[in-house]
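Student: I am attaching a structure below and will ask some questions about it afterwards.
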Amino acid sequence: MISSNTSTGEAAFPPDKTHSTLMRRCLELAAKGAGRTSPNPMVGSVIVKDGQIVGEGFHPQAGQPHAEVFALRAAGDKAQGATLYVNLEPCNHTGRTPPCTEAVLKAGITTVVIGMQDPNPKASGGIERLRAAGVTVITNIETAACERLNEAFIHRIRHRQPFSILKYAMTLDGKIATDTGHSAWVTSPESRQRVHQLRGQCDAVIVGGNTVRRDNPHLTSHGVCDHNPLRVVMSRSLDLPTTANLWQTETAATLVFTEASPPKTTLPKQVEVISLRQLTPAAVLDSLYTRGISNVLWECGGTLAAAALRQGVIQKVWAFIAPKLIGGSQGRTPLGDMGLTEMTEALILNCTELEKIGPDWLIQGYLANN
């Protein structure tokens with residue numbers, strides 16, 4: 001793990017390299033842990049001395065050493081008198097690993113440059129500890145980018161609930177299937193690959209029973225990356241096909257939530273089934289939170305998507321739009337009944353981004369007040 005996580009060779013960088021440039025390198029390293037670090041954040045670290053990068057590292061998964069430790073190991077004796085860059089305030093508590101602040105001090109680091117403060121009160125205090133020991137600490141470098149990378153971690157800490165992304169694909173006239181229910185494929189292979197990448201960055205993906213029955217999805221990253229999310233099914237009656245692809249758990253685990261109590265099902269024994277008093281999006285997210293889940297992707301049908309939006313548990317939307325027209329009066333749409341009667345009641349997306357992917361368009365945005 002150490003050899004694959006760290007850079008032991010010295011890499012020169014031009015004199016005009018700034019704190020921002022090196023912090024962006026921390027973010028690149030941190031992103032290598034996407035999908036594996038929950039409930040921990042994604043963190044990358046770079047150590048610089050005499051105009052040279054002498055060590056790099058990132059946090060690979062929960063329970064493993066933190067990014068600063070890997071970078072310090074790579075730097076070795078060259079960490080003495082060096083500057084350490086890290087996108088998140090070094091932790092100052094003992095959890096599954098010792099405090100990073102103590103490792104930094106022991107290595108003789110003299111300056112620490114930090115992207116953002118840790119929102120977790122249990123782990124914060126690193127800045128004060130380092131400054132009290134005489135280390136020069138520079139904060140708030142590329143803070144917006146640091147917060148964006150760890151938006152799921154921040155949301156989990158502040159709201160005690162996983163960060164949720166609603167993803168759907170539709171035609172230009174707003175349909176996710178034809179009148180007959182046929183839906184393969186709305187978007188292009190390029191867009192589907194982007195979805196597989198997104199799954200690989202998420203801890204869990206949620207669908208409803210209808211999606212299992214109609215589409216028989218796999219809900220994996222399809223080899224785009226080596227991480228597959230926990231696959232979650234919401235089904236009140238457990239009226240699910242016994243041959244569904246989701247019951248194949250060799251590469252990804254499957255969890256089914258239901259209201260049936262006690263659950264009577266013919267699902268394979270390796271599929272975990274949990275009974276809830278009320279099967280709601282909020283209740284499912286509460287349960288996933290207790291399992292250490294930080295970010296969730298909703299790839300469900302319109303009825304469940306509307307329920308999640310009504311309960312206010314969706315923070316972000318990924319909408320893929322294909323330049324296709326299919327018409328029809330019964331074609332399914334991405335969202336079911338929201339109970340809204342006036343256009344002024346429409347949910348609004350902020351900070352929207354538009355991206356061309358193959359022949360399709362991807363719109364991303366954050367739901368206001370969520």
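All residue names refer to the structure tokens as shown: chains lettered A, B, ... in order, residues numbered from 1 in each chain, ligands numbered from 1 in order.
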Neighbours of A:Pro359 within 9 Å (only C-alpha atoms; same-chain residues fewer than 4 positions away dropped), as a short mmCIF file (atom, residue, chain, number, x, y, z; two decimals) with N, CA, C and O atoms, in the first residue's frame?
Tutor:
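As written to disk, around.cif reads:
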data_model
loop_
_atom_site.label_atom_id
_atom_site.label_comp_id
_atom_site.auth_asym_id
_atom_site.auth_seq_id
_atom_site.Cartn_x
_atom_site.Cartn_y
_atom_site.Cartn_z
N THR A 187 -29.39 7.35 -23.38
CA THR A 187 -28.20 8.13 -23.68
C THR A 187 -27.12 7.27 -24.32
O THR A 187 -27.26 6.06 -24.47
N SER A 188 -26.01 7.92 -24.62
CA SER A 188 -24.92 7.30 -25.39
C SER A 188 -23.99 6.48 -24.50
O SER A 188 -24.02 6.59 -23.28
N GLU A 190 -20.92 7.04 -24.08
CA GLU A 190 -20.07 7.98 -23.34
C GLU A 190 -20.73 8.42 -22.04
O GLU A 190 -20.09 8.51 -20.99
N SER A 191 -22.03 8.68 -22.10
CA SER A 191 -22.75 9.09 -20.90
C SER A 191 -22.85 7.95 -19.91
O SER A 191 -22.71 8.15 -18.69
N ALA A 322 -30.46 13.49 -23.71
CA ALA A 322 -30.09 12.99 -25.03
C ALA A 322 -30.84 13.78 -26.10
O ALA A 322 -32.02 14.10 -25.93
N PRO A 323 -30.20 14.10 -27.23
CA PRO A 323 -30.87 14.84 -28.30
C PRO A 323 -31.80 13.92 -29.10
O PRO A 323 -31.57 13.65 -30.28
#
Student: To test your reading of the structure, identify every residue in stretch 188-303 of chain A that backbone DSSP assigns to strand (DSSP E or B), and report it as an mmCIF file with all heavy atoms, in the first residue's frame.
Tutor:
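Listing of part.cif after writing:
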data_model
loop_
_atom_site.group_PDB
_atom_site.id
_atom_site.type_symbol
_atom_site.label_atom_id
_atom_site.label_comp_id
_atom_site.auth_asym_id
_atom_site.auth_seq_id
_atom_site.Cartn_x
_atom_site.Cartn_y
_atom_site.Cartn_z
ATOM 1 N N ALA A 204 -22.904 4.156 -2.030
ATOM 2 C CA ALA A 204 -24.105 3.342 -2.233
ATOM 3 C C ALA A 204 -24.914 3.903 -3.384
ATOM 4 O O ALA A 204 -24.840 5.099 -3.702
ATOM 5 C CB ALA A 204 -24.958 3.317 -0.958
ATOM 6 N N VAL A 205 -25.703 3.033 -4.018
ATOM 7 C CA VAL A 205 -26.630 3.445 -5.073
ATOM 8 C C VAL A 205 -27.989 2.842 -4.748
ATOM 9 O O VAL A 205 -28.087 1.675 -4.361
ATOM 10 C CB VAL A 205 -26.127 3.003 -6.472
ATOM 11 C CG1 VAL A 205 -25.884 1.505 -6.522
ATOM 12 C CG2 VAL A 205 -27.091 3.433 -7.564
ATOM 13 N N ILE A 206 -29.043 3.661 -4.881
ATOM 14 C CA ILE A 206 -30.383 3.253 -4.457
ATOM 15 C C ILE A 206 -31.335 3.180 -5.646
ATOM 16 O O ILE A 206 -31.365 4.078 -6.491
ATOM 17 C CB ILE A 206 -30.956 4.242 -3.420
ATOM 18 C CG1 ILE A 206 -30.093 4.268 -2.158
ATOM 19 C CG2 ILE A 206 -32.399 3.888 -3.059
ATOM 20 C CD1 ILE A 206 -30.569 5.257 -1.100
ATOM 21 N N VAL A 207 -32.125 2.096 -5.677
ATOM 22 C CA VAL A 207 -33.212 1.956 -6.645
ATOM 23 C C VAL A 207 -34.435 1.420 -5.914
ATOM 24 O O VAL A 207 -34.346 0.950 -4.782
ATOM 25 C CB VAL A 207 -32.845 0.995 -7.801
ATOM 26 C CG1 VAL A 207 -31.701 1.544 -8.626
ATOM 27 C CG2 VAL A 207 -32.511 -0.395 -7.259
ATOM 28 N N GLY A 208 -35.568 1.499 -6.590
ATOM 29 C CA GLY A 208 -36.795 0.924 -6.060
ATOM 30 C C GLY A 208 -37.066 -0.444 -6.665
ATOM 31 O O GLY A 208 -36.389 -0.880 -7.606
ATOM 32 N N LEU A 230 -22.222 -0.111 -2.605
ATOM 33 C CA LEU A 230 -23.256 -0.944 -2.000
ATOM 34 C C LEU A 230 -24.542 -0.708 -2.778
ATOM 35 O O LEU A 230 -24.950 0.429 -2.999
ATOM 36 C CB LEU A 230 -23.451 -0.556 -0.535
ATOM 37 C CG LEU A 230 -24.647 -1.181 0.194
ATOM 38 C CD1 LEU A 230 -24.452 -2.684 0.367
ATOM 39 C CD2 LEU A 230 -24.875 -0.499 1.536
ATOM 40 N N ARG A 231 -25.219 -1.779 -3.193
ATOM 41 C CA ARG A 231 -26.454 -1.653 -3.979
ATOM 42 C C ARG A 231 -27.646 -1.791 -3.033
ATOM 43 O O ARG A 231 -27.763 -2.784 -2.311
ATOM 44 C CB ARG A 231 -26.475 -2.701 -5.087
ATOM 45 C CG ARG A 231 -25.276 -2.559 -6.017
ATOM 46 C CD ARG A 231 -25.133 -3.699 -6.983
ATOM 47 N NE ARG A 231 -24.995 -4.985 -6.333
ATOM 48 C CZ ARG A 231 -24.823 -6.134 -6.995
ATOM 49 N NH1 ARG A 231 -24.730 -6.111 -8.302
ATOM 50 N NH2 ARG A 231 -24.712 -7.262 -6.350
ATOM 51 N N VAL A 232 -28.501 -0.780 -3.051
ATOM 52 C CA VAL A 232 -29.614 -0.707 -2.107
ATOM 53 C C VAL A 232 -30.932 -0.729 -2.872
ATOM 54 O O VAL A 232 -31.120 0.029 -3.831
ATOM 55 C CB VAL A 232 -29.522 0.570 -1.249
ATOM 56 C CG1 VAL A 232 -30.708 0.673 -0.304
ATOM 57 C CG2 VAL A 232 -28.212 0.593 -0.471
ATOM 58 N N VAL A 233 -31.839 -1.592 -2.420
ATOM 59 C CA VAL A 233 -33.169 -1.701 -3.026
ATOM 60 C C VAL A 233 -34.219 -1.349 -1.981
ATOM 61 O O VAL A 233 -34.166 -1.834 -0.851
ATOM 62 C CB VAL A 233 -33.434 -3.123 -3.561
ATOM 63 C CG1 VAL A 233 -34.826 -3.212 -4.192
ATOM 64 C CG2 VAL A 233 -32.371 -3.526 -4.563
ATOM 65 N N MET A 234 -35.174 -0.492 -2.359
ATOM 66 C CA MET A 234 -36.315 -0.187 -1.504
ATOM 67 C C MET A 234 -37.547 -0.886 -2.072
ATOM 68 O O MET A 234 -37.958 -0.599 -3.203
ATOM 69 C CB MET A 234 -36.546 1.322 -1.430
ATOM 70 C CG MET A 234 -35.412 2.083 -0.749
ATOM 71 S SD MET A 234 -35.639 3.893 -0.756
ATOM 72 C CE MET A 234 -37.203 4.047 0.152
ATOM 73 N N THR A 254 -25.360 -6.297 -1.710
ATOM 74 C CA THR A 254 -26.717 -5.794 -1.930
ATOM 75 C C THR A 254 -27.469 -5.781 -0.604
ATOM 76 O O THR A 254 -27.420 -6.739 0.165
ATOM 77 C CB THR A 254 -27.472 -6.668 -2.944
ATOM 78 O OG1 THR A 254 -26.754 -6.675 -4.190
ATOM 79 C CG2 THR A 254 -28.872 -6.130 -3.183
ATOM 80 N N LEU A 255 -28.186 -4.682 -0.377
ATOM 81 C CA LEU A 255 -28.969 -4.492 0.838
ATOM 82 C C LEU A 255 -30.388 -4.122 0.434
ATOM 83 O O LEU A 255 -30.589 -3.241 -0.402
ATOM 84 C CB LEU A 255 -28.349 -3.373 1.678
ATOM 85 C CG LEU A 255 -29.041 -2.934 2.955
ATOM 86 C CD1 LEU A 255 -29.132 -4.074 3.954
ATOM 87 C CD2 LEU A 255 -28.299 -1.752 3.563
ATOM 88 N N VAL A 256 -31.381 -4.809 1.003
ATOM 89 C CA VAL A 256 -32.781 -4.557 0.660
ATOM 90 C C VAL A 256 -33.513 -4.025 1.889
ATOM 91 O O VAL A 256 -33.463 -4.624 2.962
ATOM 92 C CB VAL A 256 -33.471 -5.836 0.155
ATOM 93 C CG1 VAL A 256 -34.946 -5.561 -0.156
ATOM 94 C CG2 VAL A 256 -32.758 -6.371 -1.088
ATOM 95 N N PHE A 257 -34.196 -2.898 1.723
ATOM 96 C CA PHE A 257 -35.042 -2.339 2.772
ATOM 97 C C PHE A 257 -36.505 -2.615 2.420
ATOM 98 O O PHE A 257 -36.904 -2.484 1.260
ATOM 99 C CB PHE A 257 -34.831 -0.828 2.893
ATOM 100 C CG PHE A 257 -33.529 -0.441 3.534
ATOM 101 C CD1 PHE A 257 -32.428 -0.134 2.747
ATOM 102 C CD2 PHE A 257 -33.407 -0.386 4.910
ATOM 103 C CE1 PHE A 257 -31.226 0.226 3.326
ATOM 104 C CE2 PHE A 257 -32.204 -0.025 5.506
ATOM 105 C CZ PHE A 257 -31.113 0.280 4.713
ATOM 106 N N THR A 258 -37.284 -2.977 3.428
ATOM 107 C CA THR A 258 -38.681 -3.312 3.204
ATOM 108 C C THR A 258 -39.518 -2.917 4.417
ATOM 109 O O THR A 258 -38.976 -2.576 5.481
ATOM 110 C CB THR A 258 -38.834 -4.822 2.935
ATOM 111 O OG1 THR A 258 -40.190 -5.117 2.620
ATOM 112 C CG2 THR A 258 -38.406 -5.634 4.153
ATOM 113 N N GLU A 272 -28.620 -8.991 2.362
ATOM 114 C CA GLU A 272 -29.154 -8.576 3.654
ATOM 115 C C GLU A 272 -30.493 -7.871 3.472
ATOM 116 O O GLU A 272 -30.652 -7.032 2.580
ATOM 117 C CB GLU A 272 -28.171 -7.644 4.355
ATOM 118 C CG GLU A 272 -28.599 -7.248 5.753
ATOM 119 C CD GLU A 272 -27.580 -6.355 6.461
ATOM 120 O OE1 GLU A 272 -26.526 -6.064 5.848
ATOM 121 O OE2 GLU A 272 -27.847 -5.954 7.607
ATOM 122 N N VAL A 273 -31.459 -8.214 4.323
ATOM 123 C CA VAL A 273 -32.786 -7.607 4.272
ATOM 124 C C VAL A 273 -33.070 -6.934 5.614
ATOM 125 O O VAL A 273 -32.904 -7.550 6.673
ATOM 126 C CB VAL A 273 -33.881 -8.652 3.972
ATOM 127 C CG1 VAL A 273 -35.259 -7.990 3.950
ATOM 128 C CG2 VAL A 273 -33.594 -9.349 2.643
ATOM 129 N N ILE A 274 -33.487 -5.670 5.568
ATOM 130 C CA ILE A 274 -33.778 -4.900 6.781
ATOM 131 C C ILE A 274 -35.214 -4.414 6.729
ATOM 132 O O ILE A 274 -35.655 -3.825 5.738
ATOM 133 C CB ILE A 274 -32.829 -3.703 6.921
ATOM 134 C CG1 ILE A 274 -31.390 -4.180 7.111
ATOM 135 C CG2 ILE A 274 -33.241 -2.816 8.095
ATOM 136 C CD1 ILE A 274 -30.396 -3.061 7.238
ATOM 137 N N SER A 275 -35.953 -4.657 7.802
ATOM 138 C CA SER A 275 -37.334 -4.185 7.901
ATOM 139 C C SER A 275 -37.377 -2.844 8.627
ATOM 140 O O SER A 275 -36.759 -2.694 9.689
ATOM 141 C CB SER A 275 -38.190 -5.200 8.659
ATOM 142 O OG SER A 275 -38.383 -6.370 7.905
ATOM 143 N N ASN A 295 -21.847 9.204 0.825
ATOM 144 C CA ASN A 295 -22.515 9.708 -0.379
ATOM 145 C C ASN A 295 -23.307 8.607 -1.073
ATOM 146 O O ASN A 295 -22.862 7.472 -1.175
ATOM 147 C CB ASN A 295 -21.530 10.363 -1.345
ATOM 148 C CG ASN A 295 -20.375 9.464 -1.711
ATOM 149 O OD1 ASN A 295 -20.152 8.427 -1.110
ATOM 150 N ND2 ASN A 295 -19.638 9.865 -2.723
ATOM 151 N N VAL A 296 -24.502 8.986 -1.527
ATOM 152 C CA VAL A 296 -25.459 8.041 -2.097
ATOM 153 C C VAL A 296 -25.913 8.543 -3.458
ATOM 154 O O VAL A 296 -26.191 9.733 -3.635
ATOM 155 C CB VAL A 296 -26.686 7.887 -1.168
ATOM 156 C CG1 VAL A 296 -27.770 7.067 -1.840
ATOM 157 C CG2 VAL A 296 -26.273 7.250 0.151
ATOM 158 N N LEU A 297 -26.002 7.623 -4.409
ATOM 159 C CA LEU A 297 -26.502 7.931 -5.747
ATOM 160 C C LEU A 297 -27.877 7.302 -5.914
ATOM 161 O O LEU A 297 -28.035 6.099 -5.743
ATOM 162 C CB LEU A 297 -25.529 7.380 -6.800
ATOM 163 C CG LEU A 297 -25.884 7.596 -8.265
ATOM 164 C CD1 LEU A 297 -25.945 9.080 -8.593
ATOM 165 C CD2 LEU A 297 -24.889 6.877 -9.169
ATOM 166 N N TRP A 298 -28.867 8.123 -6.232
ATOM 167 C CA TRP A 298 -30.228 7.635 -6.477
ATOM 168 C C TRP A 298 -30.391 7.446 -7.982
ATOM 169 O O TRP A 298 -30.357 8.406 -8.750
ATOM 170 C CB TRP A 298 -31.261 8.629 -5.958
ATOM 171 C CG TRP A 298 -31.235 8.798 -4.456
ATOM 172 C CD1 TRP A 298 -30.316 9.483 -3.729
ATOM 173 C CD2 TRP A 298 -32.183 8.266 -3.516
ATOM 174 N NE1 TRP A 298 -30.622 9.412 -2.389
ATOM 175 C CE2 TRP A 298 -31.758 8.670 -2.235
ATOM 176 C CE3 TRP A 298 -33.338 7.486 -3.640
ATOM 177 C CZ2 TRP A 298 -32.456 8.325 -1.069
ATOM 178 C CZ3 TRP A 298 -34.030 7.146 -2.489
ATOM 179 C CH2 TRP A 298 -33.594 7.552 -1.226
#
Student: For A:Arg160, which residue among A:Thr18, A:Gln248, A:Ser221, A:Asn120 is the nearest when counting only C-alpha atoms?
Tutor: A:Asn120
Student: So the first atom is atom CA of A:Ser45 and the second is atom CA of A:Ala71; what is the distance between them in Å, to one decimal place?
Tutor: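 Distance reported for this atom pair: 6.1 Å.
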Student: Between A:Asp203, A:Asp215, A:Asp118, A:Glu355, which is the closest to A:Arg36 once you count only C-alpha atoms?
Tutor: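 Between A:Asp203, A:Asp215, A:Asp118, A:Glu355, the residue approaching A:Arg36 most closely is A:Asp203.
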Student: Would you list the contacts of A:Cys351 as JSON, numbers by chain, taking every protein, DNA or RNA residue within 12 Å and counting only C-alpha atoms, but skipping same-chain residues closer than 3 positions in sequence?
Tutor: {"A": [148, 315, 316, 317, 348, 354, 363, 364, 365, 366, 367, 368]}
Student: Could you take the residues named above and write them with all heavy atoms, as a short mmCIF file (atom, residue, chain, number, x, y, z; two decimals), in the first residue's frame?
Tutor:
data_model
loop_
_atom_site.label_atom_id
_atom_site.label_comp_id
_atom_site.auth_asym_id
_atom_site.auth_seq_id
_atom_site.Cartn_x
_atom_site.Cartn_y
_atom_site.Cartn_z
N ARG A 148 -15.53 21.37 -2.16
CA ARG A 148 -16.25 20.67 -3.23
C ARG A 148 -15.85 19.20 -3.26
O ARG A 148 -16.70 18.31 -3.40
CB ARG A 148 -15.95 21.34 -4.57
CG ARG A 148 -16.58 20.64 -5.79
CD ARG A 148 -18.07 20.86 -5.85
NE ARG A 148 -18.65 20.29 -7.06
CZ ARG A 148 -18.86 20.98 -8.18
NH1 ARG A 148 -18.52 22.26 -8.26
NH2 ARG A 148 -19.40 20.40 -9.23
N GLN A 315 -29.51 16.46 -2.40
CA GLN A 315 -28.72 17.69 -2.40
C GLN A 315 -28.27 18.12 -3.80
O GLN A 315 -28.08 19.30 -4.05
CB GLN A 315 -27.46 17.52 -1.53
CG GLN A 315 -27.71 17.58 -0.05
CD GLN A 315 -28.43 16.37 0.48
OE1 GLN A 315 -28.01 15.24 0.23
NE2 GLN A 315 -29.53 16.57 1.18
N LYS A 316 -28.15 17.15 -4.71
CA LYS A 316 -27.56 17.46 -6.01
C LYS A 316 -28.26 16.65 -7.09
O LYS A 316 -28.76 15.55 -6.83
CB LYS A 316 -26.06 17.12 -5.99
CG LYS A 316 -25.24 17.66 -7.15
CD LYS A 316 -23.76 17.38 -6.90
CE LYS A 316 -22.87 17.99 -7.97
NZ LYS A 316 -21.43 17.74 -7.71
N VAL A 317 -28.29 17.18 -8.30
CA VAL A 317 -28.93 16.51 -9.43
C VAL A 317 -27.94 16.40 -10.59
O VAL A 317 -27.23 17.35 -10.90
CB VAL A 317 -30.19 17.27 -9.90
CG1 VAL A 317 -30.75 16.64 -11.18
CG2 VAL A 317 -31.25 17.28 -8.81
N ILE A 348 -35.61 24.70 -7.25
CA ILE A 348 -34.62 25.45 -8.01
C ILE A 348 -33.23 24.86 -7.80
O ILE A 348 -32.86 24.50 -6.68
CB ILE A 348 -34.62 26.94 -7.59
CG1 ILE A 348 -35.99 27.56 -7.92
CG2 ILE A 348 -33.51 27.71 -8.30
CD1 ILE A 348 -36.14 28.97 -7.40
N LEU A 354 -23.04 22.96 -17.18
CA LEU A 354 -23.44 22.27 -18.40
C LEU A 354 -22.21 21.68 -19.05
O LEU A 354 -21.21 22.36 -19.25
CB LEU A 354 -24.12 23.26 -19.36
CG LEU A 354 -24.62 22.70 -20.69
CD1 LEU A 354 -25.72 21.67 -20.47
CD2 LEU A 354 -25.11 23.83 -21.60
N ILE A 363 -26.35 18.18 -17.15
CA ILE A 363 -26.58 19.35 -16.29
C ILE A 363 -26.44 18.91 -14.84
O ILE A 363 -27.10 17.96 -14.40
CB ILE A 363 -27.99 19.95 -16.52
CG1 ILE A 363 -28.13 20.46 -17.96
CG2 ILE A 363 -28.24 21.09 -15.52
CD1 ILE A 363 -29.49 21.02 -18.27
N GLN A 364 -25.55 19.58 -14.11
CA GLN A 364 -25.39 19.35 -12.69
C GLN A 364 -25.81 20.60 -11.93
O GLN A 364 -25.60 21.72 -12.40
CB GLN A 364 -23.92 19.05 -12.33
CG GLN A 364 -23.34 17.80 -12.94
CD GLN A 364 -21.92 17.57 -12.44
OE1 GLN A 364 -21.66 17.58 -11.24
NE2 GLN A 364 -21.00 17.37 -13.36
N GLY A 365 -26.38 20.39 -10.76
CA GLY A 365 -26.77 21.53 -9.94
C GLY A 365 -27.13 21.10 -8.55
O GLY A 365 -27.41 19.92 -8.28
N TYR A 366 -27.11 22.07 -7.63
CA TYR A 366 -27.44 21.82 -6.23
C TYR A 366 -28.82 22.36 -5.92
O TYR A 366 -29.18 23.48 -6.32
CB TYR A 366 -26.42 22.49 -5.32
CG TYR A 366 -25.02 21.94 -5.45
CD1 TYR A 366 -24.15 22.41 -6.42
CD2 TYR A 366 -24.57 20.93 -4.59
CE1 TYR A 366 -22.86 21.90 -6.54
CE2 TYR A 366 -23.28 20.41 -4.71
CZ TYR A 366 -22.45 20.91 -5.69
OH TYR A 366 -21.18 20.39 -5.81
N LEU A 367 -29.60 21.57 -5.22
CA LEU A 367 -30.93 22.01 -4.84
C LEU A 367 -30.84 23.11 -3.79
O LEU A 367 -30.12 22.97 -2.79
CB LEU A 367 -31.75 20.84 -4.30
CG LEU A 367 -32.33 19.94 -5.39
CD1 LEU A 367 -32.63 18.57 -4.86
CD2 LEU A 367 -33.58 20.58 -5.98
N ALA A 368 -31.55 24.18 -4.01
CA ALA A 368 -31.54 25.30 -3.07
C ALA A 368 -32.06 24.85 -1.71
O ALA A 368 -33.00 24.08 -1.62
CB ALA A 368 -32.39 26.44 -3.61
#
Student: Mind checking DSSP for stretch 161-217 of chain A and telling me the alpha helix (DSSP H) residues as a PyMOL selection string?
Tutor: chain A and resi 189-200+209-215
Student: Can those selected residues be exported to a file as an mmCIF file, in the first residue's frame so that it contains N, CA, C and O atoms?
Tutor:
data_model
loop_
_atom_site.group_PDB
_atom_site.id
_atom_site.type_symbol
_atom_site.label_atom_id
_atom_site.label_comp_id
_atom_site.auth_asym_id
_atom_site.auth_seq_id
_atom_site.Cartn_x
_atom_site.Cartn_y
_atom_site.Cartn_z
ATOM 1 N N PRO A 189 -23.136 5.660 -25.128
ATOM 2 C CA PRO A 189 -22.127 4.921 -24.344
ATOM 3 C C PRO A 189 -21.224 5.847 -23.541
ATOM 4 O O PRO A 189 -20.808 5.503 -22.430
ATOM 5 N N GLU A 190 -20.920 7.038 -24.077
ATOM 6 C CA GLU A 190 -20.071 7.977 -23.340
ATOM 7 C C GLU A 190 -20.733 8.418 -22.039
ATOM 8 O O GLU A 190 -20.089 8.513 -20.991
ATOM 9 N N SER A 191 -22.031 8.682 -22.105
ATOM 10 C CA SER A 191 -22.749 9.093 -20.901
ATOM 11 C C SER A 191 -22.851 7.949 -19.906
ATOM 12 O O SER A 191 -22.714 8.146 -18.687
ATOM 13 N N ARG A 192 -23.073 6.750 -20.406
ATOM 14 C CA ARG A 192 -23.172 5.604 -19.498
ATOM 15 C C ARG A 192 -21.832 5.351 -18.800
ATOM 16 O O ARG A 192 -21.792 4.982 -17.621
ATOM 17 N N GLN A 193 -20.739 5.550 -19.524
ATOM 18 C CA GLN A 193 -19.436 5.394 -18.887
ATOM 19 C C GLN A 193 -19.239 6.434 -17.793
ATOM 20 O O GLN A 193 -18.675 6.138 -16.723
ATOM 21 N N ARG A 194 -19.738 7.641 -18.017
ATOM 22 C CA ARG A 194 -19.633 8.685 -16.989
ATOM 23 C C ARG A 194 -20.422 8.282 -15.742
ATOM 24 O O ARG A 194 -20.001 8.545 -14.615
ATOM 25 N N VAL A 195 -21.568 7.646 -15.932
ATOM 26 C CA VAL A 195 -22.355 7.166 -14.801
ATOM 27 C C VAL A 195 -21.595 6.074 -14.050
ATOM 28 O O VAL A 195 -21.589 6.034 -12.817
ATOM 29 N N HIS A 196 -20.936 5.195 -14.786
ATOM 30 C CA HIS A 196 -20.151 4.136 -14.142
ATOM 31 C C HIS A 196 -19.024 4.737 -13.305
ATOM 32 O O HIS A 196 -18.726 4.246 -12.208
ATOM 33 N N GLN A 197 -18.410 5.804 -13.806
ATOM 34 C CA GLN A 197 -17.389 6.503 -13.035
ATOM 35 C C GLN A 197 -17.980 7.092 -11.760
ATOM 36 O O GLN A 197 -17.374 7.020 -10.682
ATOM 37 N N LEU A 198 -19.157 7.683 -11.881
ATOM 38 C CA LEU A 198 -19.818 8.268 -10.724
ATOM 39 C C LEU A 198 -20.149 7.204 -9.681
ATOM 40 O O LEU A 198 -19.959 7.420 -8.475
ATOM 41 N N ARG A 199 -20.631 6.061 -10.127
ATOM 42 C CA ARG A 199 -20.915 4.971 -9.180
ATOM 43 C C ARG A 199 -19.647 4.584 -8.411
ATOM 44 O O ARG A 199 -19.695 4.311 -7.212
ATOM 45 N N GLY A 200 -18.531 4.545 -9.119
ATOM 46 C CA GLY A 200 -17.286 4.168 -8.480
ATOM 47 C C GLY A 200 -16.832 5.151 -7.420
ATOM 48 O O GLY A 200 -16.001 4.818 -6.582
ATOM 49 N N GLY A 209 -38.065 -1.115 -6.137
ATOM 50 C CA GLY A 209 -38.415 -2.438 -6.638
ATOM 51 C C GLY A 209 -38.816 -2.432 -8.098
ATOM 52 O O GLY A 209 -38.509 -3.380 -8.834
ATOM 53 N N ASN A 210 -39.495 -1.375 -8.554
ATOM 54 C CA ASN A 210 -39.910 -1.316 -9.955
ATOM 55 C C ASN A 210 -38.713 -1.307 -10.897
ATOM 56 O O ASN A 210 -38.742 -1.929 -11.962
ATOM 57 N N THR A 211 -37.661 -0.610 -10.512
ATOM 58 C CA THR A 211 -36.462 -0.585 -11.352
ATOM 59 C C THR A 211 -35.839 -1.969 -11.450
ATOM 60 O O THR A 211 -35.371 -2.379 -12.511
ATOM 61 N N VAL A 212 -35.842 -2.715 -10.347
ATOM 62 C CA VAL A 212 -35.308 -4.076 -10.370
ATOM 63 C C VAL A 212 -36.134 -4.946 -11.315
ATOM 64 O O VAL A 212 -35.595 -5.725 -12.108
ATOM 65 N N ARG A 213 -37.452 -4.818 -11.227
ATOM 66 C CA ARG A 213 -38.336 -5.652 -12.059
ATOM 67 C C ARG A 213 -38.272 -5.274 -13.534
ATOM 68 O O ARG A 213 -38.271 -6.149 -14.412
ATOM 69 N N ARG A 214 -38.230 -3.979 -13.825
ATOM 70 C CA ARG A 214 -38.295 -3.533 -15.219
ATOM 71 C C ARG A 214 -36.952 -3.580 -15.942
ATOM 72 O O ARG A 214 -36.865 -3.976 -17.097
ATOM 73 N N ASP A 215 -35.892 -3.121 -15.237
ATOM 74 C CA ASP A 215 -34.608 -2.928 -15.904
ATOM 75 C C ASP A 215 -33.557 -3.979 -15.560
ATOM 76 O O ASP A 215 -32.561 -4.108 -16.280
#
Student: Which one of A:Arg236, A:His155, A:Lys49, A:Arg131 sits closest to A:Leu279 if you count only C-alpha atoms?
Tutor: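 Closest to A:Leu279 of all the choices is A:Arg236.
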Student: Between A:Thr139, A:Ser20, A:Ser164, A:Thr101, which residue has the minimum interatomic distance to A:Ile114, considering only C-alpha atoms?
Tutor: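 Comparing A:Thr139, A:Ser20, A:Ser164, A:Thr101 against A:Ile114, the winner is A:Thr139.
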Student: Rounded to one decimal place, report the atom CA of A:Leu246-atom CA of A:His218 distance in Å.
Tutor: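 According to the coordinates, atom CA of A:Leu246 and atom CA of A:His218 are separated by 5.7 Å.
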